[in-house]
There are 2 protein chains.
Amino acid sequence: MANRAKATIFDIAREAGVSKSTVSLVLQGSGLIRPETASKVRKAIEDVGYVYNRGAANLRKAHSNVIGMVINDLTNPFFAELAVGMERVFQSAGIVPFIANTAENPVRQEEVLKSLMEQGVAGLIVSPARGTTPGAFRRIETAGLPVVFAMRRLPESRIPVIAPDNHRGAYLATVHLIGKGHRRLVFFGGSSDLVVYHERLGGFREACQTQGIADRDALVVEGETSRRGGIACLETALAMAEPPTAALCFNDAVAFGAMLALRKRGLEPGVDFAIVGFDDVAEAEHYMPALTSVAVDSAGLGERAAHVMLKMIQSRTTRAEDHIGAVNLVVRESCGPDRRIRNRAVGLGSAA
Amino acid sequence: MANRAKATIFDIAREAGVSKSTVSLVLQGSGLIRPETASKVRKAIEDVGYVYNRGAANLRKAHSNVIGMVINDLTNPFFAELAVGMERVFQSAGIVPFIANTAENPVRQEEVLKSLMEQGVAGLIVSPARGTTPGAFRRIETAGLPVVFAMRRLPESRIPVIAPDNHRGAYLATVHLIGKGHRRLVFFGGSSDLVVYHERLGGFREACQTQGIADRDALVVEGETSRRGGIACLETALAMAEPPTAALCFNDAVAFGAMLALRKRGLEPGVDFAIVGFDDVAEAEHYMPALTSVAVDSAGLGERAAHVMLKMIQSRTTRAEDHIGAVNLVVRESCGPDRRIRNRAVGLGSAA
DNA sequence: TTGATTTATTGGAACGTTCCATTTAGTAGC
DNA sequence: GCTACTAAATGGAACGTTCCAATAAATCAA
């Protein structure tokens, strides 16, 4: 069976009574080898317990078959979905994606990127960590390695981006809320170090303006982009002299937090206060009440990002077009059952 | 700045006016080099835009600094947590973990394992996909590569396992339900191709027996280990001639599904029917009602698995002791507010 | 001054592949 | 029987590192 020391193609060659070159050809599935010889070699490969050394091969070969995906928060199912979408595409292209988590830490991200490069990846798909410094990708760019950003972008970067249409999503959601009769709205969660925040907030503001909501009735409460952040945001909003009656939340986690906080105060989400989330994670559909949310199709964006990456690798370029994914508002119950909410919400709004 | 072709240590050497060996020594942080020389070299490294080629280095060096983690379902936050726990440990050991997802697909798993091995990983931490064939790890074992299983085990394997005490967790949860006065119980979700299923079901059965519940009152409904599966299980259970009044669920997802289905039927989880989950994912705490669940500390298990792996690599062995992690029941609201449920539950039980 | 010792640097031979240029056999054409 | 070709297999030179043994330069002891 297997020997202690790692078997090489020389061991296979000896076992099969051929030369190392022949073995190499067989490994690559070359048609130049006589079938009987090939199967003799394949048997030897089994017998010596050989494992291919890709590192050695990459020394000569132009490019490797692994690409790195760097994700800022793997515990967020939203990003996990993104990863899964990419995997689907890469798998069928014979490429193995290695995932690394940065846990939203730029220092960790630096290490991870370095390691991936050293490993000789063919390309990188990155959802950059919050607080990534502008220069973080310079080394990679000068190395000529294809990179695409997914979900998030960096302020000044020329690296192609695959992301949902955050502005439009927020716009749609806000119009929906205003259409339900709300006249004093709030944007919950997020902070200005994220480009995504500005995009979503921008959509919110534009909708308010075009729908005739005064600026002083379009409130903003920054906060963590988590359940906990959502709870805090809601507390802050209801403590205002003139509280809003509806909130667009930075993401679904914030929305869940806000709904939780409403319940704690004896208020019913969708009846006493309208909530819209963003991302439409799987949980949104199953929540009580089911959360109205902006669906961004993260798995689809992951697939798209993977395709772009494949193109870039294939045409050995480092440039590509941005891709802004369509979004759509999934209306469920958290803004009230259609018209009925209108009166309640308006009532509460004017009562406050 | 950077040249087109990849820079090597020879380029650095030329730039700095030293030999390749000197550069190599600097890269490894050897103290043999005069500090001024070292900084001259480091400057050259920057100037030529060098990226270290670990593949080439591994050709000579004994072992690499990357370990692979193979996860069966990354979209399950439970497994994502496990990954995050491992990462914490490896990071401080200067090891980079690459994560690969198998999406519960044994074929995909095979590919992923192969790829990781070819990449020359120093070890493998695996949460095996459902339906993994007994021989799937033979190649890896004969290659002498350290492997540990996390969360799940294979029926016959001698590979060390890091997993929670499933039997005890299920036992504790069941005793809790019985203590609340339930006399007809059901185990929801999972299927017998998973070792974990047998462990948890075993704990459930043992608790029933020791607490004097007749076998015919300890029901089992198999099903998907997802929200959807939980919904189906509950429907099945309530359709029985003599329905149970309490359920221990295979995991939290099943529990959420069951609670959802209860609500749809106008029944209140925790009042009309008691539910216990398993895994205690973050969501459990925030659900309405908050889910009583068996906490397994997946991040902690991840850390433990990482430590075991480090030991194995260090002592170049392929054997290690199993580690069964402590569990504890986190009592929340889904089995009713302490005693009060008792009467209701018993009442419903005898009425049915 | 000479040799011994220490400190800093260096050349060369691996490591396990790929790929090009050859060689070797076998087959056809004339 | 000779050349020309094709098919199959092979040797050798890379690829970018590490590490050992060797060298060169500087310091010290006598």
# chains A, B, ... in the order shown; residues from 1 in each chain; ligands from 1
>>> interface_residues(of="chain A", to="chain D", cutoff="8 Å", atoms="only C-alpha atoms (C1' of nucleotides)", output="ChimeraX atom specification")
/A:19,21-22,32-34,59-60
>>> select_by_dssp(residues="range 71-192 of chain B", states="alpha helix (DSSP H)", output="MDAnalysis selection string")
chainID B and resid 77:92 106:118 138:142 166:179
>>> closest_atom_pairs(of="chain A", to="chain C", cutoff="8 Å", atoms="only C-alpha atoms (C1' of nucleotides)", output="JSON lines")
{"residue": "A:Thr8", "atom": "CA", "partner": "C:DG16", "partner_atom": "C1'", "distance": 6.7}
{"residue": "A:Ile9", "atom": "CA", "partner": "C:DG16", "partner_atom": "C1'", "distance": 7.6}
{"residue": "A:Ser24", "atom": "CA", "partner": "C:DT18", "partner_atom": "C1'", "distance": 7.7}
{"residue": "A:Asn53", "atom": "CA", "partner": "C:DG16", "partner_atom": "C1'", "distance": 6.9}
{"residue": "A:Ala56", "atom": "CA", "partner": "C:DT17", "partner_atom": "C1'", "distance": 4.9}
{"residue": "A:Ala57", "atom": "CA", "partner": "C:DT17", "partner_atom": "C1'", "distance": 4.4}
{"residue": "A:Asn58", "atom": "CA", "partner": "C:DT17", "partner_atom": "C1'", "distance": 7.8}
{"residue": "A:Leu59", "atom": "CA", "partner": "C:DT17", "partner_atom": "C1'", "distance": 7.4}
{"residue": "A:Arg60", "atom": "CA", "partner": "C:DT18", "partner_atom": "C1'", "distance": 5.8}
{"residue": "A:Lys61", "atom": "CA", "partner": "C:DT18", "partner_atom": "C1'", "distance": 6.7}
>>> write_last_selection(atoms="C-alpha atoms", output="PDB file, in the first residue's frame")
ATOM      1  CA  THR A   8       5.970  11.245  -6.670  1.00  0.00           C
ATOM      2  CA  ILE A   9       5.572  10.659 -10.355  1.00  0.00           C
ATOM      3  CA  SER A  24       2.853  13.240 -16.376  1.00  0.00           C
ATOM      4  CA  ASN A  53       1.329  18.100  -5.970  1.00  0.00           C
ATOM      5  CA  ALA A  56       4.983  21.846  -7.939  1.00  0.00           C
ATOM      6  CA  ALA A  57       2.874  21.839 -11.057  1.00  0.00           C
ATOM      7  CA  ASN A  58       2.023  25.517 -10.735  1.00  0.00           C
ATOM      8  CA  LEU A  59       5.710  26.279 -10.777  1.00  0.00           C
ATOM      9  CA  ARG A  60       5.609  25.527 -14.467  1.00  0.00           C
ATOM     10  CA  LYS A  61       2.014  25.931 -15.451  1.00  0.00           C
TER      11      LYS A  61
END
>>> residues_around(residues="Val220 in chain B", least_positions_apart="2", cutoff="10 Å", atoms="only C-alpha atoms (C1' of nucleotides)", output="list in words")
Leu185, Val186, Phe187, Phe188, Gly189, Gly190, Leu201, Phe204, Arg205, Arg216, Asp217, Ala218, Glu222, Gly223, Cys233, Ala237, Ala247 and Leu248 of chain B
>>> interface_residues(of="chain B", to="chain A", cutoff="6 Å", atoms="only C-alpha atoms", output="PyMOL selection string")
chain B and resi 52-55+75+77+80+98-100+118-119
>>> write_last_selection(atoms="N, CA and C atoms", output="PDB file, in the first residue's frame")
ATOM      1  N   TYR B  52       5.391  36.305  -2.463  1.00  0.00           N
ATOM      2  CA  TYR B  52       5.992  35.042  -2.065  1.00  0.00           C
ATOM      3  C   TYR B  52       5.272  33.875  -2.726  1.00  0.00           C
ATOM      4  N   ASN B  53       6.025  32.926  -3.193  1.00  0.00           N
ATOM      5  CA  ASN B  53       5.424  31.750  -3.824  1.00  0.00           C
ATOM      6  C   ASN B  53       5.494  30.554  -2.891  1.00  0.00           C
ATOM      7  N   ARG B  54       4.416  30.349  -2.184  1.00  0.00           N
ATOM      8  CA  ARG B  54       4.421  29.313  -1.171  1.00  0.00           C
ATOM      9  C   ARG B  54       4.482  27.907  -1.767  1.00  0.00           C
ATOM     10  N   GLY B  55       3.945  27.791  -2.935  1.00  0.00           N
ATOM     11  CA  GLY B  55       3.998  26.496  -3.612  1.00  0.00           C
ATOM     12  C   GLY B  55       5.434  26.051  -3.817  1.00  0.00           C
ATOM     13  N   THR B  75     -24.558  27.577   4.916  1.00  0.00           N
ATOM     14  CA  THR B  75     -25.671  28.503   5.117  1.00  0.00           C
ATOM     15  C   THR B  75     -26.359  28.273   6.457  1.00  0.00           C
ATOM     16  N   PRO B  77     -26.200  28.692  10.123  1.00  0.00           N
ATOM     17  CA  PRO B  77     -25.364  29.511  10.999  1.00  0.00           C
ATOM     18  C   PRO B  77     -24.638  28.677  12.063  1.00  0.00           C
ATOM     19  N   ALA B  80     -21.495  27.704  10.436  1.00  0.00           N
ATOM     20  CA  ALA B  80     -20.696  28.905  10.230  1.00  0.00           C
ATOM     21  C   ALA B  80     -19.996  29.292  11.530  1.00  0.00           C
ATOM     22  N   PHE B  98      -8.533  27.483   5.152  1.00  0.00           N
ATOM     23  CA  PHE B  98      -9.368  27.684   3.978  1.00  0.00           C
ATOM     24  C   PHE B  98     -10.618  26.843   4.141  1.00  0.00           C
ATOM     25  N   ILE B  99     -11.753  27.478   3.933  1.00  0.00           N
ATOM     26  CA  ILE B  99     -13.027  26.811   4.121  1.00  0.00           C
ATOM     27  C   ILE B  99     -13.572  26.375   2.774  1.00  0.00           C
ATOM     28  N   ALA B 100     -14.092  25.182   2.736  1.00  0.00           N
ATOM     29  CA  ALA B 100     -14.781  24.751   1.531  1.00  0.00           C
ATOM     30  C   ALA B 100     -16.123  24.152   1.927  1.00  0.00           C
ATOM     31  N   GLU B 118      -4.250  18.174  -2.741  1.00  0.00           N
ATOM     32  CA  GLU B 118      -3.317  18.567  -3.796  1.00  0.00           C
ATOM     33  C   GLU B 118      -2.655  19.892  -3.476  1.00  0.00           C
ATOM     34  N   GLN B 119      -3.401  20.713  -2.803  1.00  0.00           N
ATOM     35  CA  GLN B 119      -2.891  22.023  -2.429  1.00  0.00           C
ATOM     36  C   GLN B 119      -1.841  21.909  -1.322  1.00  0.00           C
TER      37      GLN B 119
END
>>> atom_distance(atom1="CA of Thr245 in chain B", atom2="CA of Met259 in chain B")
12.7 Å
>>> atom_distance(atom1="CA of Asp165 in chain A", atom2="CA of Ser127 in chain A")
15.8 Å
>>> atom_distance(atom1="CA of Gly123 in chain A", atom2="CA of Met312 in chain A")
8.6 Å
>>> closest_residue(among="B:Leu177, B:Cys208, B:Ala163, B:Val254", to="Asp297 in chain B", atoms="only C-alpha atoms")
B:Ala163
>>> select_by_dssp(residues="range 54-179 of chain B", states="strand (DSSP E)", output="NGL selection string")
:B and (66-71 or 96-101 or 123-126 or 147-150 or 161-164)
>>> closest_residue(among="B:Ser30, B:Thr318, B:Ser226, B:Thr210", to="Ser191 in chain B", atoms="only C-alpha atoms")
B:Ser226
